[in-house]
Amino acid sequence: MKADAYGLGAARVAPALWRAGCRRFFTANPDGALAVKALLPEADVHVLNGLFGEPGDYVAQGLIPVLNDLGQIERWSGLASRLERRLPAAIHADTGMNRLGLPAREIDRLAERHGLLDALDVRYLMSHLANAEDGADAMNAGQLGAFDACRRRLPALPASLANSSGVFLGPDYHFDLVRPGYAVYGGNPTPRRPNPMEPVVGLSAQIVQVRAAAPGETVGYGATHAVEAPTRIATVPLGYADGYPRALSSRAAARVGDVEVPVVGRVSMDLVTLDIGALPEAKAHVGTWVDLIWGREILDDLAMRAGTIGYELLTALGARYPRVYAGEAAA
Ligand SMILES: *Cc1c(COP(=O)(O)O)cnc(C)c1O
């Protein structure tokens, strides 16, 4: 649920996931968690970035902090003792990211002071994989070993390790709860292999103008695309301000019906230009729908062409065009 459900709109996505059976949600910050909690009062909503601000707010709002250092554990445990309530929490062990969570030496100190945990209802001991996308990377097994070592140091707790790609590393990585994000939204959790996930997100727009272009002419800012043979250029009203990366200038394809046509010239702020010379007038004219994102592999393919990852593409998709959620009316 981070980043408003990876840019797709938590207000619509969270209830859909609830209907599909999800009961535990993870957001980055308290505001994202509150939005989910307001929609799904019975859900367990965790704040990955930790316990900050006023701990009492987490209690009042029913949020579950992921405790990332001993200080956070002490504060949450102290509050639980004062309230005489076993407050829910997850404990995050850092097994190699160097980003969030208790490194091994702090897990050791926590093990010595495990009474701190008695005041808490620890739902999960969790960790996060640094390079699960690369199933061949020895770091995965290293982190798995480090995670097992943390589990042995502490009282028995339910455990959670895998993100989307971690799920595909096999059952050793599954423990009691997996935390997929990207794969749920149709991204490929197994890069360089076919995407096992169904497509979830599409992006389409209607052609707003078509012109004939002749050899010697150029297309778009910087005149980066030179027309080599007589053709037709279609202009589509969506650009980098909508999250269609400028890095895709002359490097991507769009789809008209079932024909792929190249993006030519620079992606502008609000416009993209396509060479539709391969299509007859009847198939591609003003008003014809064009797919910019479609199918199983496109998210990762476009991301690679743009020098980024599908996660960034998804979270950057703009909010100014109408969104249609399948099975619901236009939003
Ligand atoms: C973002 C995140 C996930 C989900 O990762 P995906 O690769 O999108 O599946 C899981 N766990 C933590 C701690 C995260 O930050």
# chains A, B, ... in the order shown; residues from 1 in each chain; ligands from 1
>>> residues_around(residues="stretch 194-198 of chain A", least_positions_apart="6", cutoff="8 Å", atoms="only C-alpha atoms", output="count of residues only")
7
>>> residues_near_ligand(ligand="ligand 1", cutoff="8 Å", atoms="only C-alpha atoms and all ligand atoms", output="list in words")
Lys2, Phe26, Ala28, Leu48, Ser127, His128, Leu161, Ala162, Asn163, Ser164, Ser165, Gly166, Val178, Arg179, Pro180, Gly181, Tyr182, Ala183, Val184, Pro189 and Tyr311 of chain A
>>> closest_residue(among="A:Ala138, A:Ala111, A:Ile73, A:Ala229", to="A:Ala156", atoms="only C-alpha atoms")
A:Ala111
>>> residues_around(residues="A:Trp76", least_positions_apart="4", cutoff="8 Å", atoms="only C-alpha atoms", output="PyMOL selection string")
chain A and resi 55+72+80+87+120
>>> write_last_selection(atoms="N, CA, C and O atoms", output="PDB file, in the first residue's frame")
ATOM      1  N   PRO A  55       3.624   8.589  19.984  1.00  0.00           N
ATOM      2  CA  PRO A  55       3.198   7.168  19.961  1.00  0.00           C
ATOM      3  C   PRO A  55       1.725   6.989  20.299  1.00  0.00           C
ATOM      4  O   PRO A  55       1.065   6.090  19.762  1.00  0.00           O
ATOM      5  N   GLN A  72      12.658   2.759  19.629  1.00  0.00           N
ATOM      6  CA  GLN A  72      11.233   2.654  19.285  1.00  0.00           C
ATOM      7  C   GLN A  72      10.588   1.519  20.092  1.00  0.00           C
ATOM      8  O   GLN A  72       9.450   1.643  20.559  1.00  0.00           O
ATOM      9  N   ALA A  80       2.872   0.740  26.356  1.00  0.00           N
ATOM     10  CA  ALA A  80       2.011  -0.426  26.611  1.00  0.00           C
ATOM     11  C   ALA A  80       1.904  -0.688  28.111  1.00  0.00           C
ATOM     12  O   ALA A  80       0.808  -0.957  28.628  1.00  0.00           O
ATOM     13  N   LEU A  87       0.268  -3.784  23.336  1.00  0.00           N
ATOM     14  CA  LEU A  87       0.097  -3.073  22.061  1.00  0.00           C
ATOM     15  C   LEU A  87       0.677  -3.898  20.916  1.00  0.00           C
ATOM     16  O   LEU A  87       1.735  -4.513  21.048  1.00  0.00           O
ATOM     17  N   LEU A 120       4.353  -6.342  24.744  1.00  0.00           N
ATOM     18  CA  LEU A 120       3.835  -6.122  23.388  1.00  0.00           C
ATOM     19  C   LEU A 120       3.196  -7.383  22.805  1.00  0.00           C
ATOM     20  O   LEU A 120       3.516  -8.499  23.200  1.00  0.00           O
TER      21      LEU A 120
END
>>> atom_distance(atom1="atom CA of A:Ile293", atom2="atom CA of A:Gly327")
19.0 Å
>>> atom_distance(atom1="atom CA of A:Ile64", atom2="atom CA of A:Leu83")
15.7 Å
>>> select_by_dssp(residues="stretch 6-234 of chain A", states="strand (DSSP E)", output="count of residues only")
44
>>> closest_residue(among="A:Leu177, A:Val236, A:Leu125, A:Ala38", to="A:Phe147", atoms="only C-alpha atoms")
A:Leu125
>>> residues_around(residues="stretch 199-216 of chain A", least_positions_apart="4", cutoff="9 Å", atoms="only C-alpha atoms", output="JSON, numbers by chain")
{"A": [8, 184, 185, 186, 187, 226, 227, 228, 229, 230, 231, 232, 233, 234, 235, 236, 237, 238, 276, 277, 284, 285, 286, 287, 288, 289, 290, 291, 292, 293, 294, 295, 296, 297, 299, 314]}
>>> write_last_selection(atoms="C-alpha atoms", output="PDB file, in the first residue's frame")
ATOM      1  CA  LEU A   8      -2.915   3.242  -8.319  1.00  0.00           C
ATOM      2  CA  VAL A 184      -0.001  -7.579  -6.994  1.00  0.00           C
ATOM      3  CA  TYR A 185      -0.092  -4.643  -9.402  1.00  0.00           C
ATOM      4  CA  GLY A 186       0.981  -6.773 -12.374  1.00  0.00           C
ATOM      5  CA  GLY A 187       4.725  -6.108 -12.364  1.00  0.00           C
ATOM      6  CA  ALA A 226      14.143  12.835 -38.962  1.00  0.00           C
ATOM      7  CA  VAL A 227      11.404  11.597 -41.262  1.00  0.00           C
ATOM      8  CA  GLU A 228      12.955   9.289 -43.892  1.00  0.00           C
ATOM      9  CA  ALA A 229       9.967   8.230 -45.956  1.00  0.00           C
ATOM     10  CA  PRO A 230       6.515   9.738 -46.424  1.00  0.00           C
ATOM     11  CA  THR A 231       4.450   8.786 -43.431  1.00  0.00           C
ATOM     12  CA  ARG A 232       1.769   9.948 -41.007  1.00  0.00           C
ATOM     13  CA  ILE A 233       2.411  11.226 -37.501  1.00  0.00           C
ATOM     14  CA  ALA A 234      -0.256  10.901 -34.790  1.00  0.00           C
ATOM     15  CA  THR A 235      -0.230  13.092 -31.697  1.00  0.00           C
ATOM     16  CA  VAL A 236      -1.531  11.675 -28.420  1.00  0.00           C
ATOM     17  CA  PRO A 237      -2.387  13.940 -25.437  1.00  0.00           C
ATOM     18  CA  LEU A 238      -0.233  12.531 -22.682  1.00  0.00           C
ATOM     19  CA  ILE A 276       1.454   5.524 -37.771  1.00  0.00           C
ATOM     20  CA  GLY A 277       2.603   5.126 -41.378  1.00  0.00           C
ATOM     21  CA  ALA A 284      -5.732   5.400 -37.134  1.00  0.00           C
ATOM     22  CA  HIS A 285      -7.344   8.832 -37.172  1.00  0.00           C
ATOM     23  CA  VAL A 286      -8.356  11.565 -34.759  1.00  0.00           C
ATOM     24  CA  GLY A 287     -10.290   9.878 -31.967  1.00  0.00           C
ATOM     25  CA  THR A 288      -8.705   6.428 -32.379  1.00  0.00           C
ATOM     26  CA  TRP A 289      -7.675   4.861 -29.068  1.00  0.00           C
ATOM     27  CA  VAL A 290      -3.993   4.102 -28.598  1.00  0.00           C
ATOM     28  CA  ASP A 291      -2.563   1.871 -25.862  1.00  0.00           C
ATOM     29  CA  LEU A 292       0.567   3.161 -24.184  1.00  0.00           C
ATOM     30  CA  ILE A 293       0.624   0.476 -21.468  1.00  0.00           C
ATOM     31  CA  TRP A 294      -0.903  -2.934 -22.153  1.00  0.00           C
ATOM     32  CA  GLY A 295      -0.245  -6.606 -21.610  1.00  0.00           C
ATOM     33  CA  ARG A 296       1.975  -8.584 -19.295  1.00  0.00           C
ATOM     34  CA  GLU A 297       5.486  -7.447 -20.096  1.00  0.00           C
ATOM     35  CA  LEU A 299       5.589  -2.267 -17.571  1.00  0.00           C
ATOM     36  CA  LEU A 314       3.707   2.906 -11.756  1.00  0.00           C
TER      37      LEU A 314
END
